[in-house]
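Below: one structure, written as structure tokens.
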Amino acid sequence: MSSLNMNPSLPIISIAPYVNKTTSSDSDRKATASALHAACRDYGFFYLDISSFAQPDEVEELLRLAREFFALPQTEKDKISIRNQDQARGGKADNHEAIDLYAPVEHPDKTKTLWGENQWPDAVPAFQSTFEHWIARMKELGLIVMEAMADGLGLTSTEWDELRSCIDNSFWVMRIIGYPPLPNDHDGFSCGAHKDYGCLTFLYADPTLDALQVFMPGNLDKLAQIEPAAHIANGLPKEEGTSEGSWIYANPIPDCIVCNVGEMWEIWTRGIYKSTLHRVIHRGSNYRVSLPFFFEPNFDALIKPLAAVLREQEQTGITVEDSLYNPVVYGDFLKKKVGSNFASAGEEAKGRY
């Protein structure tokens with residue numbers, strides 16, 4: 001992976017001790033688990049060093065194929081518009097363009113939200129097979145990282161088995177996103193501020209700097225630890241409401257993906273881990289490509305606070321408002337979120353590539 005900014009704004013954590021469990025030590029795995037716990041608790045975002053897991057040429061080929069697709073004539077790209085399917089799977093565009101892929105389902109029905117079939121561009125050879133291989137790899141990585149996070153939270157082996165049963169048939173999402181540069185006089189966003197719905201997001205992006213931005217709520221000690229160059233100057237659009245804090249850049253780092261936790265972790269940990277606001281404002285001169293993979297719970301998984309978290313909070317006397325973290329079935333939660341997105345986007349956006 002190419003040379004980029006080496007002044008990180010977020011923790012960098014190697015997953016190698018869990019990738020190579022037969023050769024790593026207990027202390028190495030404990031250090032990784034502890035680092036993940038601290039990063040999820042304090043930031044909700046971190047860099048995951050996957051050099052022990054994936055080779056640079058794997059991801060470079062993904063970027064090449066994505067660029068080849070986005071360079072196609074619009075008539076060719078329109079062949080996989082989301083309007084052909086369930087209004088979720090396929091191509092769409094606003095200030096960015098994307099292909100959205102979801103876990104396959106039994107008995108697909110494109111009249112039902114999320115229950116259609118994935119659409120692949122025939123005009124780009126090896127596109128489908130290459131991305132399907134990457135998806136399989138990311139599902140594998142998801143289970144590895146989740147095991148490390150379970151250790152960081154102090155789950156017993158039985159409790160880890162129970163958590164694993166909620167993610168062993170992940171209703172994953174893969175997005176292939178192209179970001180044209182915003183015009184210099186454009187005061188909007190390439191992708192507006194949002195939190196991720198589910199479990200874990202693994203983002204690999206091209207070397208473009210100063211595009212992905214993460215909101216760090218106003219913890220002065222935490223903000224003081226962030227590389228000053230990562231802080232974003234005032235004058236950019238305000239999307240954090242009344243929250244105090246700072247937007248920082250999460251620029252690409254060689255051999256790493258950007259990882260963040262989704263809203264299901266807020267329920268599992270009763271708020272110990274928080275899903276963090278992030279956005280994209282790409283004003284560079286190049287066409288940016290971003291490849292986020294969302295490792296999500298099983299569609300029918302019941303998401304509820306973890307026993308290890310309940311134990312810890314009881315022992316330490318921490319009180320939490322239970323109504324904030326009510327159990328949910330992930331598929332029901334997801335359908336409401338996706339339906340809400342369509343409603344806010346309007347009918348025109350639903351049918352565009």
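A note on labels: chains of the structure tokens are A, B, ... as shown, every chain counts residues from 1, and ligands are counted from 1 in their shown order.
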
Closest atom pairs, residues of segment 244-325 of chain A within 6 Å of segment 39-57 of chain A, only C-alpha atoms, as a Markdown table:
```
| residue | atom | partner | partner_atom | distance |
| --- | --- | --- | --- | --- |
| A:Asp255 | CA | A:Ser51 | CA | 5.2 |
| A:Cys256 | CA | A:Asp49 | CA | 4.3 |
| A:Ile257 | CA | A:Leu48 | CA | 5.3 |
| A:Val258 | CA | A:Tyr47 | CA | 4.6 |
| A:Cys259 | CA | A:Phe46 | CA | 5.4 |
| A:Asn260 | CA | A:Phe45 | CA | 4.3 |
| A:Val261 | CA | A:Gly44 | CA | 5.7 |
| A:Ile272 | CA | A:Arg41 | CA | 5.8 |
| A:Tyr273 | CA | A:Arg41 | CA | 4.8 |
| A:Lys274 | CA | A:Gly44 | CA | 5.8 |
| A:Ser275 | CA | A:Gly44 | CA | 5.9 |
| A:Thr276 | CA | A:Gly44 | CA | 5.7 |
```

May I have the residues within 12 Å of Glu132 of chain A as a short mmCIF file (atom, residue, chain, number, x, y, z; two decimals) with C-alpha atoms, in the first residue's frame, using only C-alpha atoms and disregarding those fewer than 6 positions away in the same chain?
```
data_model
loop_
_atom_site.label_atom_id
_atom_site.label_comp_id
_atom_site.auth_asym_id
_atom_site.auth_seq_id
_atom_site.Cartn_x
_atom_site.Cartn_y
_atom_site.Cartn_z
CA LEU A 62 -10.41 -3.91 -5.81
CA LEU A 101 -24.32 -5.22 -2.00
CA TYR A 102 -26.00 -7.17 0.80
CA ALA A 103 -25.83 -10.70 2.12
CA PRO A 104 -27.81 -13.04 -0.16
CA ASN A 118 -27.35 -8.25 -5.73
CA TRP A 120 -23.11 -6.98 -10.65
CA ALA A 126 -13.74 -10.40 -12.81
CA MET A 138 -13.93 -9.50 5.50
CA LYS A 139 -16.48 -11.88 7.04
CA TRP A 172 -23.20 -7.99 5.80
CA VAL A 173 -23.18 -4.97 3.52
CA MET A 174 -20.48 -4.06 1.00
CA PHE A 293 -17.48 -3.42 4.43
#
```

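Minimum atom-to-atom distance to Asp206 of chain A, evaluated using only C-alpha atoms, belongs to A:Glu61 out of A:Asp122, A:Glu61, A:Glu312, A:Glu159.
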
Open item on the list: Considering only C-alpha atoms, can you say which of A:Ile176, A:Ala211, A:Cys191, A:Leu36 comes closest to Ala98 of chain A?
Closed with: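 Closest to Ala98 of chain A of all the choices is A:Ile176.
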
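We find atom CA of Gln74 of chain A and atom CA of Ala205 of chain A to be spaced 23.1 Å apart.
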
- [ ] Could you check how far atom CA of Leu277 of chain A sits from atom CA of Leu200 of chain A, in Å to one decimal?
- [x] 13.9 Å

Task: Residue nearest Glu147 of chain A - candidates A:Arg279, A:Lys21, A:Arg83, A:Lys304, atoms counted: only C-alpha atoms - done: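 Smallest separation from Glu147 of chain A among the options: A:Lys21.
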
TODO: Please indicate the distance in Å from atom CA of Phe69 of chain A to atom CA of Phe131 of chain A, rounded to one decimal place.
DONE: 12.6 Å

Open item on the list: Taking the DSSP secondary structure from the backbone, can you list the residues of segment 126-321 of chain A that are strand (DSSP E), as a PyMOL selection string?
Closed with: chain A and resi 173-179+191-194+200-205+212-217+245-249+256-261+278-280+288-295+302-303

Taking C-alpha atoms for each residue, export the selection above as a short mmCIF file (atom, residue, chain, number, x, y, z; two decimals), in the first residue's frame.
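File produced: part.cif:
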```
data_model
loop_
_atom_site.label_atom_id
_atom_site.label_comp_id
_atom_site.auth_asym_id
_atom_site.auth_seq_id
_atom_site.Cartn_x
_atom_site.Cartn_y
_atom_site.Cartn_z
CA VAL A 173 -23.18 -4.97 3.52
CA MET A 174 -20.48 -4.06 1.00
CA ARG A 175 -20.42 -0.58 -0.53
CA ILE A 176 -18.26 0.40 -3.50
CA ILE A 177 -18.22 4.20 -3.48
CA GLY A 178 -16.90 6.80 -5.88
CA TYR A 179 -16.52 10.43 -4.80
CA CYS A 191 -21.49 12.09 2.39
CA GLY A 192 -23.23 13.79 5.32
CA ALA A 193 -22.59 13.07 8.99
CA HIS A 194 -23.98 9.75 10.18
CA LEU A 200 -18.23 -3.20 12.76
CA THR A 201 -17.19 -1.19 9.70
CA PHE A 202 -13.97 -2.04 7.87
CA LEU A 203 -12.98 0.75 5.47
CA TYR A 204 -10.31 0.53 2.84
CA ALA A 205 -9.92 3.65 0.72
CA LEU A 212 -12.97 11.22 5.81
CA GLN A 213 -13.75 13.18 8.97
CA VAL A 214 -14.60 11.81 12.42
CA PHE A 215 -16.26 13.76 15.22
CA MET A 216 -14.56 13.46 18.59
CA PRO A 217 -16.91 14.60 21.39
CA GLY A 245 -15.88 18.44 20.35
CA SER A 246 -13.71 18.45 17.28
CA TRP A 247 -13.81 17.01 13.77
CA ILE A 248 -10.57 15.24 12.86
CA TYR A 249 -9.28 13.65 9.69
CA CYS A 256 -4.38 -0.44 7.75
CA ILE A 257 -8.11 -0.19 7.42
CA VAL A 258 -10.21 2.30 9.35
CA CYS A 259 -12.53 0.48 11.74
CA ASN A 260 -15.48 1.81 13.73
CA VAL A 261 -18.24 0.38 15.89
CA HIS A 278 -18.38 10.65 10.64
CA ARG A 279 -18.69 12.22 7.19
CA VAL A 280 -16.87 12.76 3.91
CA ARG A 288 -11.80 9.19 -4.61
CA VAL A 289 -12.73 5.50 -4.20
CA SER A 290 -13.80 4.05 -0.86
CA LEU A 291 -14.64 0.42 -0.05
CA PRO A 292 -16.43 0.05 3.30
CA PHE A 293 -17.48 -3.42 4.43
CA PHE A 294 -20.08 -3.58 7.18
CA PHE A 295 -19.82 -6.70 9.33
CA LEU A 302 -31.59 -10.56 19.21
CA ILE A 303 -29.23 -7.81 20.33
#
```

Open item on the list: Can you tell me, as a count of residues only, which residues in segment 20-246 of chain A count as alpha helix (DSSP H) by DSSP?
Closed with: 75
